[in-house]
>>> print(open('run-v8.tsv').read())   # TSV, C-alpha atoms
chain	number	residue	atom	x	y	z
A	26	MET	CA	111.28	-20.89	203.60
A	27	ASP	CA	111.98	-19.76	200.05
A	28	HIS	CA	109.29	-18.93	197.50
A	29	LEU	CA	109.30	-22.33	195.79
A	30	GLU	CA	109.00	-24.18	199.08
A	31	TYR	CA	106.11	-21.94	200.07
A	32	VAL	CA	104.28	-22.65	196.80
A	33	LEU	CA	104.81	-26.39	197.25
A	34	SER	CA	103.53	-26.19	200.84
A	35	ILE	CA	100.24	-24.53	199.87
A	36	LEU	CA	99.70	-26.48	196.66
A	37	PRO	CA	97.86	-29.44	198.28
A	38	PHE	CA	95.35	-27.02	199.85
A	39	ILE	CA	94.90	-25.14	196.58
A	40	ALA	CA	94.48	-28.46	194.77
A	41	SER	CA	91.67	-29.48	197.13
A	42	GLY	CA	89.86	-26.25	196.26
A	43	LEU	CA	90.39	-26.90	192.55
A	44	LYS	CA	88.94	-30.40	192.99
A	45	LEU	CA	85.75	-29.00	194.49
A	46	THR	CA	85.49	-26.40	191.74
A	47	ALA	CA	85.83	-29.17	189.16
A	48	LYS	CA	83.09	-31.23	190.84
A	49	VAL	CA	80.60	-28.37	190.70
A	50	TYR	CA	81.63	-27.60	187.12
A	51	VAL	CA	81.15	-31.17	185.88
A	52	ALA	CA	77.87	-31.62	187.77
A	53	THR	CA	76.55	-28.39	186.30
A	54	LEU	CA	77.40	-29.39	182.74
A	55	LEU	CA	75.86	-32.85	183.17
A	56	PHE	CA	72.54	-31.35	184.28
A	57	ALA	CA	72.49	-28.03	182.39
A	58	LEU	CA	72.91	-29.53	178.91
A	59	PRO	CA	69.79	-31.74	179.05
A	60	VAL	CA	67.86	-29.00	180.87
A	61	GLY	CA	68.73	-26.52	178.12
A	62	LEU	CA	67.90	-28.95	175.32
A	63	LEU	CA	64.56	-30.08	176.76
A	64	ALA	CA	63.54	-26.53	177.64
A	65	ALA	CA	64.43	-25.37	174.12
A	66	ILE	CA	62.27	-28.10	172.59
A	67	GLY	CA	59.48	-27.13	174.97
A	68	LYS	CA	59.71	-23.47	173.95
A	69	VAL	CA	59.63	-24.35	170.25
A	70	LYS	CA	56.89	-26.99	170.23
A	71	GLY	CA	55.37	-27.26	173.70
A	72	PRO	CA	51.82	-26.51	174.85
A	73	LYS	CA	51.10	-22.84	175.45
A	74	ILE	CA	51.23	-23.18	179.25
A	75	ILE	CA	54.61	-24.95	179.09
A	76	THR	CA	55.94	-22.37	176.65
A	77	ARG	CA	54.92	-19.51	178.92
A	78	LEU	CA	56.48	-21.16	181.97
A	79	LEU	CA	59.72	-21.73	180.08
A	80	TYR	CA	59.80	-18.12	178.90
A	81	LEU	CA	59.34	-17.07	182.52
A	82	TYR	CA	62.17	-19.40	183.57
A	83	THR	CA	64.65	-18.04	181.02
A	84	TRP	CA	63.57	-14.45	181.67
A	85	ILE	CA	64.21	-14.75	185.40
A	86	TRP	CA	67.43	-16.74	185.33
A	87	ARG	CA	69.03	-14.76	182.49
A	88	GLY	CA	67.83	-11.42	183.82
A	89	THR	CA	69.14	-11.60	187.38
A	90	PRO	CA	72.74	-11.77	188.71
A	91	LEU	CA	74.16	-15.22	189.38
A	92	LEU	CA	75.41	-14.01	192.77
A	93	LEU	CA	71.87	-13.05	193.79
A	94	GLN	CA	70.59	-16.42	192.61
A	95	LEU	CA	73.17	-18.20	194.79
A	96	PHE	CA	72.15	-16.13	197.81
A	97	PHE	CA	68.47	-16.81	197.16
A	98	VAL	CA	68.86	-20.59	196.84
A	99	PHE	CA	71.32	-21.06	199.71
A	100	TYR	CA	70.23	-18.39	202.19
A	101	GLY	CA	66.67	-17.60	201.08
A	102	LEU	CA	65.08	-21.03	200.68
A	103	PRO	CA	65.74	-22.10	204.31
A	104	ILE	CA	63.31	-19.35	205.36
A	105	ILE	CA	60.50	-21.41	203.78
A	106	GLY	CA	61.89	-24.69	205.12
A	107	ILE	CA	64.01	-25.79	202.16
A	108	ARG	CA	67.56	-26.41	203.35
A	109	LEU	CA	70.23	-27.48	200.89
A	110	SER	CA	73.86	-28.37	201.35
A	111	PRO	CA	76.29	-25.87	199.81
A	112	PHE	CA	77.12	-28.33	197.02
A	113	ALA	CA	73.46	-29.00	196.22
A	114	ALA	CA	72.59	-25.30	196.33
A	115	ALA	CA	75.51	-24.42	194.07
A	116	THR	CA	74.79	-27.22	191.59
A	117	ILE	CA	71.09	-26.35	191.36
A	118	THR	CA	71.80	-22.63	190.96
A	119	TYR	CA	74.49	-23.07	188.32
A	120	THR	CA	72.41	-25.67	186.49
A	121	LEU	CA	69.35	-23.41	186.30
A	122	ASN	CA	71.46	-20.41	185.33
A	123	SER	CA	73.48	-22.16	182.62
A	124	GLY	CA	70.39	-24.10	181.54
A	125	ALA	CA	68.56	-20.83	180.87
A	126	TYR	CA	71.34	-19.57	178.61
A	127	LEU	CA	71.66	-22.94	176.88
A	128	THR	CA	67.89	-22.98	176.35
A	129	GLU	CA	68.12	-19.85	174.21
A	130	ILE	CA	71.19	-21.15	172.40
A	131	PHE	CA	69.48	-24.45	171.56
A	132	ARG	CA	66.20	-22.76	170.72
A	133	GLY	CA	67.95	-20.53	168.20
A	134	GLY	CA	69.64	-23.59	166.71
A	135	ILE	CA	66.39	-25.53	166.41
A	136	GLU	CA	64.55	-22.61	164.82
A	137	SER	CA	67.38	-22.15	162.32
A	138	ILE	CA	66.67	-25.56	160.77
A	139	ASP	CA	64.74	-25.25	157.52
A	140	LYS	CA	61.02	-25.97	157.98
A	141	GLY	CA	61.09	-28.14	154.89
A	142	GLN	CA	62.97	-30.79	156.81
A	143	TYR	CA	60.05	-31.19	159.20
A	144	GLU	CA	57.70	-31.58	156.24
A	145	ALA	CA	60.00	-34.10	154.58
A	146	ALA	CA	60.18	-36.13	157.78
A	147	LYS	CA	56.38	-36.06	158.06
A	148	VAL	CA	56.05	-37.34	154.49
A	149	LEU	CA	58.37	-40.21	155.42
A	150	GLY	CA	56.01	-41.13	158.24
A	151	MET	CA	58.18	-39.94	161.14
A	152	THR	CA	56.59	-38.77	164.35
A	153	TYR	CA	57.65	-35.46	165.86
A	154	PRO	CA	59.90	-37.12	168.49
A	155	GLN	CA	61.55	-39.20	165.75
A	156	THR	CA	62.04	-36.12	163.61
A	157	MET	CA	63.68	-34.25	166.49
A	158	ARG	CA	65.89	-37.17	167.51
A	159	ARG	CA	67.03	-38.28	164.06
A	160	ILE	CA	67.07	-35.09	162.00
A	161	ILE	CA	66.70	-31.83	163.92
A	162	ILE	CA	68.75	-32.38	167.09
A	163	PRO	CA	71.91	-33.70	165.32
A	164	GLN	CA	71.94	-30.63	163.06
A	165	THR	CA	71.14	-28.30	165.95
A	166	VAL	CA	74.06	-29.61	168.01
A	167	ARG	CA	76.47	-28.83	165.17
A	168	ARG	CA	75.04	-25.34	164.72
A	169	VAL	CA	75.12	-24.38	168.40
A	170	LEU	CA	78.49	-25.93	169.24
A	171	PRO	CA	80.47	-22.62	169.21
A	172	PRO	CA	78.17	-20.67	171.60
A	173	THR	CA	77.71	-23.76	173.78
A	174	CYS	CA	81.48	-24.16	174.13
A	175	SER	CA	81.78	-20.46	174.97
A	176	GLU	CA	79.16	-20.85	177.73
A	177	ALA	CA	81.04	-23.87	179.10
A	178	VAL	CA	84.29	-21.88	179.30
A	179	ASN	CA	82.55	-18.94	181.00
A	180	LEU	CA	81.21	-21.34	183.61
A	181	VAL	CA	84.76	-21.94	184.89
A	182	LYS	CA	85.12	-18.27	185.82
A	183	GLU	CA	81.62	-18.15	187.30
A	184	THR	CA	82.51	-20.93	189.76
A	185	ALA	CA	84.61	-18.36	191.63
A	186	LEU	CA	81.33	-17.22	193.21
A	187	LEU	CA	81.17	-20.47	195.19
A	188	ALA	CA	83.23	-18.76	197.87
A	189	VAL	CA	80.33	-16.49	198.82
A	190	ILE	CA	78.31	-19.42	200.21
A	191	GLY	CA	81.26	-20.78	202.17
A	192	MET	CA	82.34	-23.57	199.84
A	193	PRO	CA	86.08	-24.33	200.01
A	194	ASP	CA	86.61	-23.85	196.29
A	195	LEU	CA	89.79	-22.70	194.61
A	196	LEU	CA	89.27	-18.99	195.30
A	197	ARG	CA	88.12	-19.42	198.91
A	198	ILE	CA	91.10	-21.63	199.79
A	199	ALA	CA	93.45	-19.10	198.21
A	200	THR	CA	91.76	-16.31	200.19
A	201	GLN	CA	92.06	-18.24	203.45
A	202	ILE	CA	95.77	-18.87	202.91
A	203	PHE	CA	96.29	-15.22	202.01
A	204	THR	CA	94.51	-14.13	205.20
A	205	ARG	CA	96.61	-16.52	207.28
A	206	ASP	CA	100.01	-15.70	205.76
A	207	PHE	CA	99.37	-12.23	204.34
A	208	ASN	CA	101.15	-13.39	201.19
A	209	ILE	CA	99.82	-12.72	197.68
A	210	THR	CA	101.27	-15.99	196.31
A	211	PRO	CA	98.04	-18.02	196.83
A	212	PHE	CA	96.17	-15.59	194.60
A	213	ILE	CA	98.88	-15.87	191.95
A	214	VAL	CA	98.69	-19.67	192.08
A	215	ALA	CA	94.88	-19.55	191.83
A	216	PHE	CA	95.15	-17.08	188.95
A	217	VAL	CA	97.49	-19.42	187.08
A	218	LEU	CA	95.30	-22.46	187.73
A	219	TYR	CA	92.14	-20.71	186.51
A	220	LEU	CA	94.06	-19.62	183.43
A	221	ILE	CA	95.38	-23.13	182.77
A	222	VAL	CA	91.96	-24.76	183.17
A	223	SER	CA	90.29	-22.17	180.94
A	224	SER	CA	93.01	-22.51	178.31
A	225	VAL	CA	92.72	-26.30	178.29
A	226	LEU	CA	88.95	-26.06	177.86
A	227	VAL	CA	89.29	-23.45	175.11
A	228	LYS	CA	91.70	-25.77	173.29
A	229	LEU	CA	89.45	-28.80	173.82
A	230	PHE	CA	86.27	-27.05	172.73
A	231	GLY	CA	88.13	-25.42	169.83
A	232	THR	CA	89.06	-28.90	168.60
A	233	LEU	CA	85.43	-30.02	168.92
A	234	GLU	CA	84.26	-26.99	166.97
A	235	LYS	CA	86.69	-27.65	164.13
A	236	LYS	CA	85.68	-31.29	164.01
A	237	TYR	CA	81.91	-31.06	164.33
A	238	SER	CA	80.73	-27.49	163.76
A	239	ILE	CA	79.10	-26.67	160.43
A	240	TYR	CA	80.92	-23.33	160.44
A	241	GLU	CA	84.27	-24.20	158.90
>>> encode(input="run-v8.tsv", output="structure tokens")
Amino acid sequence: MDHLEYVLSILPFIASGLKLTAKVYVATLLFALPVGLLAAIGKVKGPKIITRLLYLYTWIWRGTPLLLQLFFVFYGLPIIGIRLSPFAAATITYTLNSGAYLTEIFRGGIESIDKGQYEAAKVLGMTYPQTMRRIIIPQTVRRVLPPTCSEAVNLVKETALLAVIGMPDLLRIATQIFTRDFNITPFIVAFVLYLIVSSVLVKLFGTLEKKYSIYE
């Protein structure tokens, strides 16, 4: 079997791993974005107890390694009777981790909005939720788009840690094929696929930044 035939023979297995990686990635983004936004609003204008809890949340999840967090959720929680599937454990861990970083990104964006806009909205008779929804959040999204896109791209590389909890993601499948065949090609294919996916996302988010970001 020549090299091309070998690549074609392992590609379906590699593709299945990439599919799982993509599922975790998309699920994480869908949950982490609202978590980050709501937590940021809570830190800026929430009751003192909520603010303190949110500071504790971001301190813990930004201050500890993602790998340790995965181990804790998947292997540690069963000790107290909480058993999660690998997919659920991974999605929850990545959501809380990315959500913590997005919380600080969104918080910085919200606090960068001029205070006069809140006062102007109040004069117009808007409630705080209306002010946030109609005036503050739209501006915040434009301001935080670059760091948010950067966090989304970094998440692709962080999904490589899925292998440590036994999920058949892109890296784990490549490792299994390497172990079976003792051939470095699966790692090269995985390397190329990670690079392609990251490059596509960089291009996509770069387009979004140029179109919507206030920093032109």
>>> closest_residue(input="run-v8.tsv", among="A:Thr232, A:Val227, A:Ile202, A:Ile221", to="Pro37 (chain A)", atoms="all atoms listed in the file")
A:Ile202
>>> residues_around(input="run-v8.tsv", residues="Lys48 (chain A)", least_positions_apart="4", cutoff="12 Å", atoms="all atoms listed in the file", output="count of residues only")
19
>>> residues_around(input="run-v8.tsv", residues="region 64-73 of chain A", least_positions_apart="6", cutoff="7 Å", atoms="only C-alpha atoms", output="PyMOL selection string")
chain A and resi 79+128-129+131-132
>>> residues_around(input="run-v8.tsv", residues="Phe99 (chain A)", least_positions_apart="5", cutoff="8 Å", atoms="only C-alpha atoms", output="list in words")
Arg108, Leu109, Ser110, Pro111, Ala114, Ala115 and Ile190 of chain A
>>> closest_residue(input="run-v8.tsv", among="A:Val178, A:Tyr153, A:Leu95, A:Leu196", to="Ser223 (chain A)", atoms="all atoms listed in the file")
A:Val178
>>> closest_residue(input="run-v8.tsv", among="A:Ser175, A:Ser224, A:Tyr100, A:Tyr126", to="Tyr80 (chain A)", atoms="all atoms listed in the file")
A:Tyr126
>>> atom_distance(input="run-v8.tsv", atom1="CA of Val51 (chain A)", atom2="CA of Gly88 (chain A)")
23.9 Å
>>> residues_near_point(input="run-v8.tsv", point="(96.0, -20.0, 192.3)", cutoff="12 Å", atoms="only C-alpha atoms", output="JSON, numbers by chain")
{"A": [32, 33, 35, 36, 37, 38, 39, 40, 41, 42, 43, 185, 194, 195, 196, 197, 198, 199, 200, 201, 202, 203, 209, 210, 211, 212, 213, 214, 215, 216, 217, 218, 219, 220, 221, 222]}
>>> atom_distance(input="run-v8.tsv", atom1="CA of Asn179 (chain A)", atom2="CA of Ile117 (chain A)")
17.1 Å
>>> atom_distance(input="run-v8.tsv", atom1="CA of Ala47 (chain A)", atom2="CA of Gly191 (chain A)")
16.1 Å
>>> axis_aligned_box(input="run-v8.tsv", around="region 163-169 of chain A", padding_each_side="8 Å", output="AutoDock Vina command-line options")
--center_x 73.8 --center_y -29.0 --center_z 165.7 --size_x 21.3 --size_y 25.3 --size_z 21.3
>>> residues_around(input="run-v8.tsv", residues="region 234-237 of chain A", least_positions_apart="4", cutoff="12 Å", atoms="all atoms listed in the file", output="number ranges by chain")
A: 163-175, 226-230, 241
>>> closest_residue(input="run-v8.tsv", among="A:Leu127, A:Met151, A:Leu186, A:Leu233", to="Ala57 (chain A)", atoms="only C-alpha atoms")
A:Leu127
>>> closest_residue(input="run-v8.tsv", among="A:Leu78, A:Leu58, A:Leu63, A:Trp86", to="Met157 (chain A)", atoms="only C-alpha atoms")
A:Leu63
>>> build_atoms(input="run-v8.tsv", residues="region 38-49 of chain A", atoms="all heavy atoms", output="JSON list (two decimals), keeping the file's coordinate frame")
[["chain", "number", "residue", "atom", "x", "y", "z"],
["A", 38, "PHE", "N", 96.58, -27.70, 199.43],
["A", 38, "PHE", "CA", 95.35, -27.02, 199.85],
["A", 38, "PHE", "C", 94.65, -26.38, 198.64],
["A", 38, "PHE", "O", 93.43, -26.48, 198.48],
["A", 38, "PHE", "CB", 95.67, -25.95, 200.90],
["A", 38, "PHE", "CG", 96.34, -26.50, 202.11],
["A", 38, "PHE", "CD1", 97.71, -26.34, 202.30],
["A", 38, "PHE", "CD2", 95.62, -27.18, 203.08],
["A", 38, "PHE", "CE1", 98.34, -26.85, 203.42],
["A", 38, "PHE", "CE2", 96.24, -27.69, 204.22],
["A", 38, "PHE", "CZ", 97.61, -27.53, 204.38],
["A", 39, "ILE", "N", 95.45, -25.75, 197.80],
["A", 39, "ILE", "CA", 94.90, -25.14, 196.58],
["A", 39, "ILE", "C", 94.29, -26.21, 195.69],
["A", 39, "ILE", "O", 93.21, -26.03, 195.11],
["A", 39, "ILE", "CB", 96.00, -24.39, 195.81],
["A", 39, "ILE", "CG1", 96.57, -23.23, 196.64],
["A", 39, "ILE", "CG2", 95.46, -23.87, 194.48],
["A", 39, "ILE", "CD1", 95.64, -22.07, 196.81],
["A", 40, "ALA", "N", 94.96, -27.35, 195.61],
["A", 40, "ALA", "CA", 94.48, -28.46, 194.77],
["A", 40, "ALA", "C", 93.13, -28.99, 195.27],
["A", 40, "ALA", "O", 92.26, -29.37, 194.47],
["A", 40, "ALA", "CB", 95.50, -29.59, 194.73],
["A", 41, "SER", "N", 92.95, -29.02, 196.58],
["A", 41, "SER", "CA", 91.67, -29.48, 197.13],
["A", 41, "SER", "C", 90.54, -28.53, 196.73],
["A", 41, "SER", "O", 89.41, -28.95, 196.46],
["A", 41, "SER", "CB", 91.75, -29.60, 198.65],
["A", 41, "SER", "OG", 91.87, -28.31, 199.26],
["A", 42, "GLY", "N", 90.85, -27.23, 196.70],
["A", 42, "GLY", "CA", 89.86, -26.25, 196.26],
["A", 42, "GLY", "C", 89.54, -26.41, 194.78],
["A", 42, "GLY", "O", 88.39, -26.31, 194.36],
["A", 43, "LEU", "N", 90.59, -26.68, 193.99],
["A", 43, "LEU", "CA", 90.39, -26.90, 192.55],
["A", 43, "LEU", "C", 89.53, -28.14, 192.31],
["A", 43, "LEU", "O", 88.70, -28.16, 191.40],
["A", 43, "LEU", "CB", 91.74, -27.04, 191.87],
["A", 43, "LEU", "CG", 91.71, -27.28, 190.35],
["A", 43, "LEU", "CD1", 91.03, -26.13, 189.63],
["A", 43, "LEU", "CD2", 93.13, -27.48, 189.82],
["A", 44, "LYS", "N", 89.73, -29.16, 193.13],
["A", 44, "LYS", "CA", 88.94, -30.40, 192.99],
["A", 44, "LYS", "C", 87.46, -30.13, 193.21],
["A", 44, "LYS", "O", 86.60, -30.62, 192.47],
["A", 44, "LYS", "CB", 89.45, -31.44, 193.99],
["A", 44, "LYS", "CG", 88.76, -32.79, 193.87],
["A", 44, "LYS", "CD", 89.34, -33.78, 194.86],
["A", 44, "LYS", "CE", 88.64, -35.14, 194.76],
["A", 44, "LYS", "NZ", 89.20, -36.12, 195.73],
["A", 45, "LEU", "N", 87.15, -29.33, 194.23],
["A", 45, "LEU", "CA", 85.75, -29.00, 194.49],
["A", 45, "LEU", "C", 85.16, -28.18, 193.36],
["A", 45, "LEU", "O", 84.03, -28.41, 192.91],
["A", 45, "LEU", "CB", 85.62, -28.24, 195.81],
["A", 45, "LEU", "CG", 84.21, -27.78, 196.17],
["A", 45, "LEU", "CD1", 83.27, -28.96, 196.33],
["A", 45, "LEU", "CD2", 84.22, -26.93, 197.43],
["A", 46, "THR", "N", 85.93, -27.21, 192.87],
["A", 46, "THR", "CA", 85.49, -26.40, 191.74],
["A", 46, "THR", "C", 85.17, -27.28, 190.55],
["A", 46, "THR", "O", 84.15, -27.09, 189.87],
["A", 46, "THR", "CB", 86.58, -25.38, 191.36],
["A", 46, "THR", "OG1", 86.77, -24.45, 192.44],
["A", 46, "THR", "CG2", 86.19, -24.60, 190.12],
["A", 47, "ALA", "N", 86.04, -28.26, 190.29],
["A", 47, "ALA", "CA", 85.83, -29.17, 189.16],
["A", 47, "ALA", "C", 84.57, -30.01, 189.35],
["A", 47, "ALA", "O", 83.84, -30.26, 188.38],
["A", 47, "ALA", "CB", 87.04, -30.09, 189.02],
["A", 48, "LYS", "N", 84.29, -30.42, 190.58],
["A", 48, "LYS", "CA", 83.09, -31.23, 190.84],
["A", 48, "LYS", "C", 81.82, -30.44, 190.52],
["A", 48, "LYS", "O", 80.90, -30.96, 189.88],
["A", 48, "LYS", "CB", 83.06, -31.68, 192.31],
["A", 48, "LYS", "CG", 84.03, -32.81, 192.64],
["A", 48, "LYS", "CD", 83.88, -33.22, 194.10],
["A", 48, "LYS", "CE", 84.80, -34.38, 194.45],
["A", 48, "LYS", "NZ", 84.67, -34.78, 195.89],
["A", 49, "VAL", "N", 81.77, -29.20, 190.97],
["A", 49, "VAL", "CA", 80.60, -28.37, 190.70],
["A", 49, "VAL", "C", 80.49, -28.11, 189.20],
["A", 49, "VAL", "O", 79.38, -28.15, 188.63],
["A", 49, "VAL", "CB", 80.68, -27.04, 191.47],
["A", 49, "VAL", "CG1", 79.54, -26.11, 191.07],
["A", 49, "VAL", "CG2", 80.66, -27.29, 192.97]]
